[in-house]
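Heads up, model_13.tsv below (TSV, N, CA and C atoms):
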chain	number	residue	atom	x	y	z
Q	204	MET	N	13.75	10.60	-45.58
Q	204	MET	CA	13.19	9.37	-45.05
Q	204	MET	C	13.80	9.05	-43.67
Q	205	LYS	N	15.12	9.29	-43.54
Q	205	LYS	CA	15.79	9.03	-42.28
Q	205	LYS	C	15.24	9.95	-41.18
Q	206	ASN	N	14.99	11.21	-41.52
Q	206	ASN	CA	14.44	12.16	-40.54
Q	206	ASN	C	13.03	11.74	-40.11
Q	207	LEU	N	12.26	11.17	-41.02
Q	207	LEU	CA	10.91	10.71	-40.69
Q	207	LEU	C	10.97	9.55	-39.69
Q	208	ARG	N	11.89	8.62	-39.90
Q	208	ARG	CA	12.05	7.50	-38.97
Q	208	ARG	C	12.48	7.99	-37.59
Q	209	ILE	N	13.38	8.94	-37.56
Q	209	ILE	CA	13.84	9.50	-36.27
Q	209	ILE	C	12.68	10.21	-35.58
Q	210	ALA	N	11.89	10.95	-36.31
Q	210	ALA	CA	10.74	11.65	-35.73
Q	210	ALA	C	9.72	10.65	-35.19
Q	211	ILE	N	9.46	9.58	-35.92
Q	211	ILE	CA	8.50	8.56	-35.47
Q	211	ILE	C	9.04	7.86	-34.22
Q	212	LEU	N	10.32	7.49	-34.23
Q	212	LEU	CA	10.92	6.83	-33.07
Q	212	LEU	C	10.89	7.74	-31.85
Q	213	THR	N	11.23	9.01	-32.03
Q	213	THR	CA	11.21	9.97	-30.92
Q	213	THR	C	9.79	10.12	-30.37
Q	214	THR	N	8.82	10.22	-31.24
Q	214	THR	CA	7.42	10.33	-30.81
Q	214	THR	C	7.01	9.09	-30.02
Q	215	PHE	N	7.39	7.91	-30.50
Q	215	PHE	CA	7.06	6.66	-29.82
Q	215	PHE	C	7.67	6.63	-28.42
Q	216	VAL	N	8.93	7.01	-28.30
Q	216	VAL	CA	9.60	7.02	-26.99
Q	216	VAL	C	8.92	8.00	-26.04
Q	217	LEU	N	8.60	9.19	-26.51
Q	217	LEU	CA	7.95	10.19	-25.66
Q	217	LEU	C	6.57	9.74	-25.21
Q	218	VAL	N	5.81	9.13	-26.10
Q	218	VAL	CA	4.48	8.62	-25.74
Q	218	VAL	C	4.62	7.50	-24.72
Q	219	SER	N	5.59	6.61	-24.90
Q	219	SER	CA	5.81	5.51	-23.96
Q	219	SER	C	6.14	6.03	-22.57
Q	220	ILE	N	6.98	7.05	-22.51
Q	220	ILE	CA	7.35	7.63	-21.21
Q	220	ILE	C	6.13	8.28	-20.56
Q	221	ALA	N	5.32	8.97	-21.33
Q	221	ALA	CA	4.12	9.63	-20.80
Q	221	ALA	C	3.13	8.61	-20.27
Q	222	VAL	N	2.95	7.50	-21.00
Q	222	VAL	CA	2.03	6.45	-20.55
Q	222	VAL	C	2.53	5.82	-19.27
Q	223	ALA	N	3.82	5.54	-19.17
Q	223	ALA	CA	4.39	4.96	-17.96
Q	223	ALA	C	4.22	5.90	-16.77
Q	224	ALA	N	4.45	7.18	-16.97
Q	224	ALA	CA	4.29	8.15	-15.89
Q	224	ALA	C	2.84	8.26	-15.45
Q	225	THR	N	1.91	8.24	-16.39
Q	225	THR	CA	0.49	8.30	-16.06
Q	225	THR	C	0.06	7.07	-15.30
Q	226	THR	N	0.51	5.90	-15.72
Q	226	THR	CA	0.16	4.65	-15.03
Q	226	THR	C	0.66	4.67	-13.60
Q	227	ALA	N	1.89	5.12	-13.38
Q	227	ALA	CA	2.43	5.19	-12.03
Q	227	ALA	C	1.64	6.18	-11.18
Q	228	ALA	N	1.24	7.30	-11.74
Q	228	ALA	CA	0.48	8.29	-10.99
Q	228	ALA	C	-0.92	7.79	-10.68
Q	229	ASP	N	-1.50	6.97	-11.56
Q	229	ASP	CA	-2.83	6.43	-11.35
Q	229	ASP	C	-2.84	5.33	-10.30
Q	230	ASP	N	-1.69	4.79	-9.94
Q	230	ASP	CA	-1.61	3.70	-8.98
Q	230	ASP	C	-0.74	4.13	-7.80
Q	231	PRO	N	-1.32	4.85	-6.87
Q	231	PRO	CA	-0.55	5.34	-5.74
Q	231	PRO	C	-0.27	4.28	-4.67
Q	232	LEU	N	-0.82	3.07	-4.82
Q	232	LEU	CA	-0.71	2.06	-3.77
Q	232	LEU	C	0.27	0.93	-4.04
Q	233	SER	N	0.30	0.41	-5.27
Q	233	SER	CA	1.10	-0.78	-5.54
Q	233	SER	C	2.57	-0.57	-5.22
Q	234	GLY	N	3.12	-1.53	-4.50
Q	234	GLY	CA	4.53	-1.47	-4.14
Q	234	GLY	C	4.74	-1.85	-2.69
Q	235	THR	N	5.94	-1.59	-2.22
Q	235	THR	CA	6.35	-1.93	-0.86
Q	235	THR	C	6.33	-0.67	0.01
Q	236	TRP	N	5.71	-0.80	1.17
Q	236	TRP	CA	5.60	0.28	2.14
Q	236	TRP	C	6.28	-0.17	3.42
Q	237	THR	N	7.02	0.71	4.07
Q	237	THR	CA	7.66	0.37	5.34
Q	237	THR	C	7.41	1.47	6.37
Q	238	GLY	N	7.44	1.08	7.61
Q	238	GLY	CA	7.24	2.05	8.68
Q	238	GLY	C	7.02	1.34	10.00
Q	239	ASP	N	6.15	1.91	10.82
Q	239	ASP	CA	5.89	1.28	12.12
Q	239	ASP	C	4.44	1.48	12.55
Q	240	TRP	N	4.06	0.67	13.54
Q	240	TRP	CA	2.73	0.74	14.12
Q	240	TRP	C	2.86	0.41	15.60
Q	241	GLY	N	1.89	0.84	16.37
Q	241	GLY	CA	1.91	0.51	17.79
Q	241	GLY	C	0.82	1.22	18.55
Q	242	PRO	N	0.67	0.85	19.83
Q	242	PRO	CA	-0.37	1.46	20.66
Q	242	PRO	C	0.03	2.79	21.27
Q	243	SER	N	1.33	3.11	21.23
Q	243	SER	CA	1.79	4.38	21.81
Q	243	SER	C	3.09	4.80	21.12
Q	244	ALA	N	3.54	6.00	21.44
Q	244	ALA	CA	4.78	6.51	20.84
Q	244	ALA	C	6.00	5.72	21.31
Q	245	ARG	N	5.90	5.08	22.45
Q	245	ARG	CA	7.03	4.32	23.01
Q	245	ARG	C	6.98	2.84	22.66
Q	246	ASP	N	5.85	2.34	22.24
Q	246	ASP	CA	5.68	0.92	21.92
Q	246	ASP	C	5.40	0.79	20.43
Q	247	ARG	N	6.46	0.60	19.62
Q	247	ARG	CA	6.34	0.57	18.17
Q	247	ARG	C	6.85	-0.77	17.63
Q	248	ASN	N	6.29	-1.17	16.50
Q	248	ASN	CA	6.69	-2.39	15.80
Q	248	ASN	C	6.99	-2.03	14.35
Q	249	GLN	N	8.13	-2.48	13.85
Q	249	GLN	CA	8.47	-2.26	12.45
Q	249	GLN	C	7.57	-3.11	11.57
Q	250	VAL	N	7.20	-2.58	10.40
Q	250	VAL	CA	6.30	-3.31	9.51
Q	250	VAL	C	6.66	-3.05	8.06
Q	251	THR	N	6.46	-4.07	7.23
Q	251	THR	CA	6.57	-3.96	5.78
Q	251	THR	C	5.25	-4.43	5.21
Q	252	VAL	N	4.69	-3.65	4.29
Q	252	VAL	CA	3.41	-3.99	3.67
Q	252	VAL	C	3.60	-3.97	2.16
Q	253	GLU	N	3.18	-5.04	1.50
Q	253	GLU	CA	3.20	-5.09	0.04
Q	253	GLU	C	1.76	-4.98	-0.44
Q	254	LEU	N	1.51	-4.01	-1.32
Q	254	LEU	CA	0.16	-3.78	-1.82
Q	254	LEU	C	0.12	-3.87	-3.34
Q	255	LYS	N	-1.03	-4.30	-3.84
Q	255	LYS	CA	-1.29	-4.30	-5.29
Q	255	LYS	C	-2.70	-3.80	-5.50
Q	256	TRP	N	-2.81	-2.73	-6.27
Q	256	TRP	CA	-4.12	-2.14	-6.57
Q	256	TRP	C	-4.29	-2.13	-8.07
Q	257	ASP	N	-5.38	-2.71	-8.55
Q	257	ASP	CA	-5.61	-2.77	-9.99
Q	257	ASP	C	-6.61	-1.72	-10.46
Q	258	GLY	N	-6.88	-0.75	-9.63
Q	258	GLY	CA	-7.86	0.28	-9.95
Q	258	GLY	C	-9.21	0.01	-9.32
Q	259	LYS	N	-9.42	-1.24	-8.88
Q	259	LYS	CA	-10.67	-1.63	-8.21
Q	259	LYS	C	-10.38	-2.44	-6.95
Q	260	ALA	N	-9.65	-3.54	-7.13
Q	260	ALA	CA	-9.36	-4.44	-6.01
Q	260	ALA	C	-8.00	-4.13	-5.39
Q	261	LEU	N	-7.96	-4.15	-4.06
Q	261	LEU	CA	-6.73	-3.93	-3.32
Q	261	LEU	C	-6.38	-5.23	-2.60
Q	262	THR	N	-5.19	-5.75	-2.86
Q	262	THR	CA	-4.72	-6.98	-2.22
Q	262	THR	C	-3.31	-6.75	-1.70
Q	263	GLY	N	-2.84	-7.67	-0.90
Q	263	GLY	CA	-1.47	-7.56	-0.41
Q	263	GLY	C	-1.24	-8.37	0.84
Q	264	ASN	N	-0.09	-8.13	1.46
Q	264	ASN	CA	0.23	-8.83	2.71
Q	264	ASN	C	1.13	-7.96	3.58
Q	265	VAL	N	1.12	-8.33	4.84
Q	265	VAL	CA	1.91	-7.64	5.85
Q	265	VAL	C	3.09	-8.52	6.21
Q	266	ASN	N	4.27	-7.93	6.30
Q	266	ASN	CA	5.50	-8.63	6.62
Q	266	ASN	C	5.69	-9.86	5.73
Q	267	PRO	N	5.94	-9.62	4.43
Q	267	PRO	CA	6.11	-10.72	3.48
Q	267	PRO	C	7.17	-11.71	3.96
Q	268	GLY	N	6.96	-12.95	3.62
Q	268	GLY	CA	7.86	-14.02	4.03
Q	268	GLY	C	7.05	-15.20	4.51
Q	269	PRO	N	7.68	-16.11	5.24
Q	269	PRO	CA	6.98	-17.32	5.67
Q	269	PRO	C	5.82	-17.07	6.63
Q	270	ASN	N	5.85	-15.97	7.36
Q	270	ASN	CA	4.78	-15.65	8.31
Q	270	ASN	C	3.93	-14.47	7.85
Q	271	ALA	N	3.85	-14.26	6.54
Q	271	ALA	CA	3.09	-13.13	6.01
Q	271	ALA	C	1.63	-13.22	6.42
Q	272	VAL	N	1.03	-12.07	6.60
Q	272	VAL	CA	-0.40	-11.97	6.95
Q	272	VAL	C	-1.11	-11.35	5.75
Q	273	GLU	N	-2.10	-12.06	5.22
Q	273	GLU	CA	-2.83	-11.59	4.05
Q	273	GLU	C	-3.79	-10.47	4.42
Q	274	ILE	N	-3.82	-9.46	3.57
Q	274	ILE	CA	-4.77	-8.36	3.75
Q	274	ILE	C	-6.09	-8.77	3.09
Q	275	LYS	N	-7.19	-8.54	3.81
Q	275	LYS	CA	-8.52	-8.92	3.32
Q	275	LYS	C	-9.45	-7.72	3.39
Q	276	ASN	N	-10.57	-7.83	2.68
Q	276	ASN	CA	-11.61	-6.79	2.73
Q	276	ASN	C	-11.03	-5.38	2.62
Q	277	ALA	N	-10.12	-5.21	1.69
Q	277	ALA	CA	-9.45	-3.92	1.53
Q	277	ALA	C	-10.17	-3.06	0.50
Q	278	THR	N	-10.23	-1.76	0.79
Q	278	THR	CA	-10.82	-0.80	-0.14
Q	278	THR	C	-9.96	0.44	-0.17
Q	279	PHE	N	-10.03	1.15	-1.29
Q	279	PHE	CA	-9.30	2.40	-1.44
Q	279	PHE	C	-10.15	3.36	-2.26
Q	280	ASP	N	-10.28	4.58	-1.77
Q	280	ASP	CA	-10.98	5.64	-2.50
Q	280	ASP	C	-9.93	6.61	-3.02
Q	281	PRO	N	-9.63	6.55	-4.32
Q	281	PRO	CA	-8.58	7.42	-4.85
Q	281	PRO	C	-8.90	8.91	-4.77
Q	282	GLN	N	-10.18	9.25	-4.68
Q	282	GLN	CA	-10.56	10.67	-4.59
Q	282	GLN	C	-10.18	11.26	-3.24
Q	283	SER	N	-10.47	10.54	-2.18
Q	283	SER	CA	-10.21	11.05	-0.83
Q	283	SER	C	-8.90	10.53	-0.23
Q	284	GLY	N	-8.38	9.44	-0.79
Q	284	GLY	CA	-7.18	8.81	-0.23
Q	284	GLY	C	-7.48	7.87	0.92
Q	285	ALA	N	-8.79	7.68	1.23
Q	285	ALA	CA	-9.17	6.81	2.35
Q	285	ALA	C	-8.91	5.34	2.00
Q	286	ILE	N	-8.33	4.63	2.96
Q	286	ILE	CA	-8.02	3.21	2.78
Q	286	ILE	C	-8.53	2.42	3.98
Q	287	HIS	N	-9.05	1.24	3.70
Q	287	HIS	CA	-9.52	0.33	4.75
Q	287	HIS	C	-8.94	-1.05	4.45
Q	288	MET	N	-8.41	-1.70	5.48
Q	288	MET	CA	-7.88	-3.06	5.33
Q	288	MET	C	-8.22	-3.85	6.58
Q	289	GLU	N	-8.33	-5.16	6.39
Q	289	GLU	CA	-8.50	-6.07	7.50
Q	289	GLU	C	-7.49	-7.18	7.34
Q	290	ALA	N	-7.09	-7.79	8.45
Q	290	ALA	CA	-6.13	-8.88	8.41
Q	290	ALA	C	-6.34	-9.79	9.61
Q	291	ASP	N	-6.17	-11.07	9.38
Q	291	ASP	CA	-6.26	-12.06	10.45
Q	291	ASP	C	-4.88	-12.64	10.71
Q	292	ALA	N	-4.42	-12.52	11.95
Q	292	ALA	CA	-3.09	-13.01	12.33
Q	292	ALA	C	-3.24	-13.96	13.50
Q	293	THR	N	-2.19	-14.72	13.73
Q	293	THR	CA	-2.15	-15.62	14.87
Q	293	THR	C	-1.19	-15.05	15.90
Q	294	SER	N	-1.63	-14.94	17.15
Q	294	SER	CA	-0.78	-14.39	18.20
Q	294	SER	C	0.30	-15.40	18.59
Q	295	ARG	N	1.24	-14.96	19.39
Q	295	ARG	CA	2.30	-15.86	19.88
Q	295	ARG	C	1.72	-17.00	20.71
Q	296	ARG	N	0.56	-16.76	21.29
Q	296	ARG	CA	-0.10	-17.79	22.11
Q	296	ARG	C	-0.99	-18.71	21.28
Q	297	GLY	N	-1.13	-18.39	19.99
Q	297	GLY	CA	-1.92	-19.25	19.10
Q	297	GLY	C	-3.35	-18.81	18.87
Q	298	SER	N	-3.78	-17.72	19.49
Q	298	SER	CA	-5.14	-17.25	19.27
Q	298	SER	C	-5.21	-16.38	18.02
Q	299	GLN	N	-6.41	-16.29	17.45
Q	299	GLN	CA	-6.62	-15.49	16.24
Q	299	GLN	C	-6.88	-14.02	16.60
Q	300	ILE	N	-6.28	-13.13	15.83
Q	300	ILE	CA	-6.45	-11.69	16.02
Q	300	ILE	C	-6.98	-11.12	14.71
Q	301	HIS	N	-8.08	-10.39	14.77
Q	301	HIS	CA	-8.65	-9.75	13.59
Q	301	HIS	C	-8.37	-8.25	13.66
Q	302	TYR	N	-7.50	-7.77	12.78
Q	302	TYR	CA	-7.14	-6.36	12.74
Q	302	TYR	C	-8.06	-5.59	11.81
Q	303	MET	N	-8.44	-4.39	12.23
Q	303	MET	CA	-9.17	-3.43	11.42
Q	303	MET	C	-8.24	-2.22	11.26
Q	304	ILE	N	-7.98	-1.84	10.01
Q	304	ILE	CA	-7.01	-0.79	9.74
Q	304	ILE	C	-7.67	0.26	8.85
Q	305	ASP	N	-7.65	1.51	9.28
Q	305	ASP	CA	-8.20	2.61	8.50
Q	305	ASP	C	-7.16	3.71	8.42
Q	306	GLY	N	-7.02	4.28	7.23
Q	306	GLY	CA	-6.02	5.32	7.08
Q	306	GLY	C	-6.28	6.21	5.89
Q	307	LYS	N	-5.26	6.99	5.60
Q	307	LYS	CA	-5.33	7.92	4.48
Q	307	LYS	C	-3.97	7.93	3.78
Q	308	VAL	N	-4.04	7.93	2.46
Q	308	VAL	CA	-2.83	7.99	1.65
Q	308	VAL	C	-2.67	9.42	1.15
Q	309	GLU	N	-1.51	9.99	1.43
Q	309	GLU	CA	-1.17	11.32	0.95
Q	309	GLU	C	0.22	11.23	0.35
Q	310	GLY	N	0.28	11.23	-0.99
Q	310	GLY	CA	1.56	11.07	-1.67
Q	310	GLY	C	2.12	9.69	-1.40
Q	311	ASP	N	3.34	9.64	-0.88
Q	311	ASP	CA	4.00	8.37	-0.59
Q	311	ASP	C	3.91	7.99	0.89
Q	312	THR	N	2.97	8.59	1.62
Q	312	THR	CA	2.82	8.30	3.04
Q	312	THR	C	1.39	7.86	3.34
Q	313	MET	N	1.27	6.84	4.17
Q	313	MET	CA	-0.03	6.37	4.63
Q	313	MET	C	-0.01	6.41	6.16
Q	314	THR	N	-1.01	7.05	6.74
Q	314	THR	CA	-1.14	7.13	8.18
Q	314	THR	C	-2.55	6.74	8.57
Q	315	GLY	N	-2.71	6.30	9.81
Q	315	GLY	CA	-4.05	5.96	10.25
Q	315	GLY	C	-4.05	5.25	11.58
Q	316	SER	N	-5.12	4.48	11.76
Q	316	SER	CA	-5.31	3.78	13.04
Q	316	SER	C	-5.60	2.31	12.78
Q	317	TRP	N	-5.37	1.50	13.80
Q	317	TRP	CA	-5.67	0.08	13.76
Q	317	TRP	C	-6.32	-0.30	15.08
Q	318	SER	N	-7.05	-1.40	15.05
Q	318	SER	CA	-7.63	-1.91	16.29
Q	318	SER	C	-7.84	-3.41	16.16
Q	319	HIS	N	-7.87	-4.06	17.30
Q	319	HIS	CA	-8.26	-5.47	17.42
Q	319	HIS	C	-8.67	-5.69	18.87
Q	320	ASP	N	-9.68	-6.50	19.04
Q	320	ASP	CA	-10.20	-6.76	20.38
Q	320	ASP	C	-10.35	-5.44	21.14
Q	321	ASN	N	-9.66	-5.30	22.26
Q	321	ASN	CA	-9.77	-4.05	23.03
Q	321	ASN	C	-8.49	-3.21	22.93
Q	322	ARG	N	-7.70	-3.44	21.88
Q	322	ARG	CA	-6.46	-2.67	21.67
Q	322	ARG	C	-6.59	-1.79	20.45
Q	323	GLU	N	-5.88	-0.69	20.49
Q	323	GLU	CA	-5.89	0.21	19.33
Q	323	GLU	C	-4.60	1.02	19.32
Q	324	GLY	N	-4.31	1.59	18.16
Q	324	GLY	CA	-3.11	2.39	18.03
Q	324	GLY	C	-3.07	3.06	16.68
Q	325	ASP	N	-1.89	3.49	16.29
Q	325	ASP	CA	-1.73	4.19	15.03
Q	325	ASP	C	-0.61	3.56	14.21
Q	326	PHE	N	-0.48	4.02	12.97
Q	326	PHE	CA	0.60	3.56	12.11
Q	326	PHE	C	1.00	4.66	11.15
Q	327	LYS	N	2.22	4.54	10.66
Q	327	LYS	CA	2.71	5.42	9.60
Q	327	LYS	C	3.68	4.60	8.75
Q	328	ILE	N	3.38	4.51	7.46
Q	328	ILE	CA	4.24	3.79	6.54
Q	328	ILE	C	4.50	4.65	5.31
Q	329	THR	N	5.64	4.43	4.70
Q	329	THR	CA	6.07	5.21	3.53
Q	329	THR	C	6.38	4.27	2.38
Q	330	LYS	N	5.97	4.67	1.19
Q	330	LYS	CA	6.20	3.85	0.00
Q	330	LYS	C	7.65	3.97	-0.41
Q	331	LYS	N	8.25	2.82	-0.67
Q	331	LYS	CA	9.65	2.79	-1.12
Q	331	LYS	C	9.74	3.10	-2.59
Give the structure from the file, written as structure tokens.
Amino acid sequence: MKNLRIAILTTFVLVSIAVAATTAADDPLSGTWTGDWGPSARDRNQVTVELKWDGKALTGNVNPGPNAVEIKNATFDPQSGAIHMEADATSRRGSQIHYMIDGKVEGDTMTGSWSHDNREGDFKITKK
């Protein structure tokens, strides 16, 4: 009887670990990403992005804290790794800036391009 309980407990633990690993693999986006973005190799800005993906909807924010910028109109295609995000920020001068961000997720790295008004550049962020 004791061996049966140990076998059942061991099976339960192994199944739990497998489910947790599968869930993590199925959600390549949720978590904190850090890296940089900018219009050129010499003009870079550090960035932190928090993302949450429930398998359908992608939400999150850029630079969490009191001045966080909410991510809107976000999509992710898990088959291709293609990601699209938009964000509205306020410039230092008080004007509104609408960012369009397109990229690709490969493992724990996301790279791509961004644009707003007549400016554009690239970004690279890595999942922590």
Set up a box along x, y and z of the file covering all listed atoms of region 296-314 of chain Q, add 6 Å on every one of the six sides, and write the centre and edge lengths in Å to one decimal, as lines of an AutoDock Vina configuration file.
center_x = -2.6
center_y = -4.0
center_z = 10.2
size_x = 25.2
size_y = 42.6
size_z = 35.8
Original post:
What does the distance from atom C of Thr314 (chain Q) to CA of Thr293 (chain Q) come to in Å, to one decimal?
Top reply: 23.2 Å
Subject >> Long-range neighbours of region 254-264 of chain Q as a PyMOL selection string, 6 Å cut-off, all atoms listed in the file, 5 positions minimum in chain >> reply: chain Q and resi 232-236+271-274+277-278
Include N, CA and C atoms and write out the residues we just selected as a PDB file, in the frame of the given file.
ATOM      1  N   LEU Q 232      -0.820   3.070  -4.820  1.00  0.00           N
ATOM      2  CA  LEU Q 232      -0.710   2.060  -3.770  1.00  0.00           C
ATOM      3  C   LEU Q 232       0.270   0.930  -4.040  1.00  0.00           C
ATOM      4  N   SER Q 233       0.300   0.410  -5.270  1.00  0.00           N
ATOM      5  CA  SER Q 233       1.100  -0.780  -5.540  1.00  0.00           C
ATOM      6  C   SER Q 233       2.570  -0.570  -5.220  1.00  0.00           C
ATOM      7  N   GLY Q 234       3.120  -1.530  -4.500  1.00  0.00           N
ATOM      8  CA  GLY Q 234       4.530  -1.470  -4.140  1.00  0.00           C
ATOM      9  C   GLY Q 234       4.740  -1.850  -2.690  1.00  0.00           C
ATOM     10  N   THR Q 235       5.940  -1.590  -2.220  1.00  0.00           N
ATOM     11  CA  THR Q 235       6.350  -1.930  -0.860  1.00  0.00           C
ATOM     12  C   THR Q 235       6.330  -0.670   0.010  1.00  0.00           C
ATOM     13  N   TRP Q 236       5.710  -0.800   1.170  1.00  0.00           N
ATOM     14  CA  TRP Q 236       5.600   0.280   2.140  1.00  0.00           C
ATOM     15  C   TRP Q 236       6.280  -0.170   3.420  1.00  0.00           C
ATOM     16  N   ALA Q 271       3.850 -14.260   6.540  1.00  0.00           N
ATOM     17  CA  ALA Q 271       3.090 -13.130   6.010  1.00  0.00           C
ATOM     18  C   ALA Q 271       1.630 -13.220   6.420  1.00  0.00           C
ATOM     19  N   VAL Q 272       1.030 -12.070   6.600  1.00  0.00           N
ATOM     20  CA  VAL Q 272      -0.400 -11.970   6.950  1.00  0.00           C
ATOM     21  C   VAL Q 272      -1.110 -11.350   5.750  1.00  0.00           C
ATOM     22  N   GLU Q 273      -2.100 -12.060   5.220  1.00  0.00           N
ATOM     23  CA  GLU Q 273      -2.830 -11.590   4.050  1.00  0.00           C
ATOM     24  C   GLU Q 273      -3.790 -10.470   4.420  1.00  0.00           C
ATOM     25  N   ILE Q 274      -3.820  -9.460   3.570  1.00  0.00           N
ATOM     26  CA  ILE Q 274      -4.770  -8.360   3.750  1.00  0.00           C
ATOM     27  C   ILE Q 274      -6.090  -8.770   3.090  1.00  0.00           C
ATOM     28  N   ALA Q 277     -10.120  -5.210   1.690  1.00  0.00           N
ATOM     29  CA  ALA Q 277      -9.450  -3.920   1.530  1.00  0.00           C
ATOM     30  C   ALA Q 277     -10.170  -3.060   0.500  1.00  0.00           C
ATOM     31  N   THR Q 278     -10.230  -1.760   0.790  1.00  0.00           N
ATOM     32  CA  THR Q 278     -10.820  -0.800  -0.140  1.00  0.00           C
ATOM     33  C   THR Q 278      -9.960   0.440  -0.170  1.00  0.00           C
TER      34      THR Q 278
END
**OP:** May I ask for the distance between CA of His301 (chain Q) and atom N of Lys330 (chain Q), given in Å to one decimal place?
**Re:** 24.0 Å
**OP:** To one decimal in Å, tell me the separation between CA of His319 (chain Q) and CA of Ile286 (chain Q).
**Re:**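 One can read the CA of His319 (chain Q) to CA of Ile286 (chain Q) distance as 17.0 Å.
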Original post:
If you run DSSP on the backbone, which residues of region 208-331 of chain Q are helix (DSSP H, G or I), as a list in words?
Top reply: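 Restricting region 208-331 of chain Q to helix (DSSP H, G or I) produces Arg208, Ile209, Ala210, Ile211, Leu212, Thr213, Thr214, Phe215, Val216, Leu217, Val218, Ser219, Ile220, Ala221, Val222, Ala223, Ala224, Thr225, Thr226, Ala227, Ala228 and Asp229 of chain Q.
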Write out as a compact mmCIF listing (two decimals) with N, CA and C atoms, keeping the file's coordinate frame the residues lying within 7 Å of Lys327 (chain Q), counting only N, CA and C atoms and excluding same-chain residues fewer than 6 positions away.
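Below is the file that was written, part_36.txt:
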# COMPACT_ATOMS: atom_id res chain seq x y z
N THR Q 237 7.02 0.71 4.07
CA THR Q 237 7.66 0.37 5.34
C THR Q 237 7.41 1.47 6.37
N GLY Q 238 7.44 1.08 7.61
CA GLY Q 238 7.24 2.05 8.68
C GLY Q 238 7.02 1.34 10.00
N ASP Q 239 6.15 1.91 10.82
CA ASP Q 239 5.89 1.28 12.12
C ASP Q 239 4.44 1.48 12.55
N TRP Q 240 4.06 0.67 13.54
CA TRP Q 240 2.73 0.74 14.12
C TRP Q 240 2.86 0.41 15.60
N GLY Q 241 1.89 0.84 16.37
CA GLY Q 241 1.91 0.51 17.79
C GLY Q 241 0.82 1.22 18.55
N THR Q 312 2.97 8.59 1.62
CA THR Q 312 2.82 8.30 3.04
C THR Q 312 1.39 7.86 3.34
N MET Q 313 1.27 6.84 4.17
CA MET Q 313 -0.03 6.37 4.63
C MET Q 313 -0.01 6.41 6.16
N THR Q 314 -1.01 7.05 6.74
CA THR Q 314 -1.14 7.13 8.18
C THR Q 314 -2.55 6.74 8.57
N GLY Q 315 -2.71 6.30 9.81
CA GLY Q 315 -4.05 5.96 10.25
C GLY Q 315 -4.05 5.25 11.58
Original post:
Looking at only C-alpha atoms, which of Q:Asn270, Q:Gly324, Q:Asp291, Q:Thr329 is the one that sits closest to Asn248 (chain Q)?
Top reply: Q:Gly324
Original post:
Out of Q:Arg295, Q:Arg322, Q:His287, Q:Arg247, which residue has the shortest atom-to-atom distance to Lys307 (chain Q) when counting only C-alpha atoms?
Top reply: Q:His287
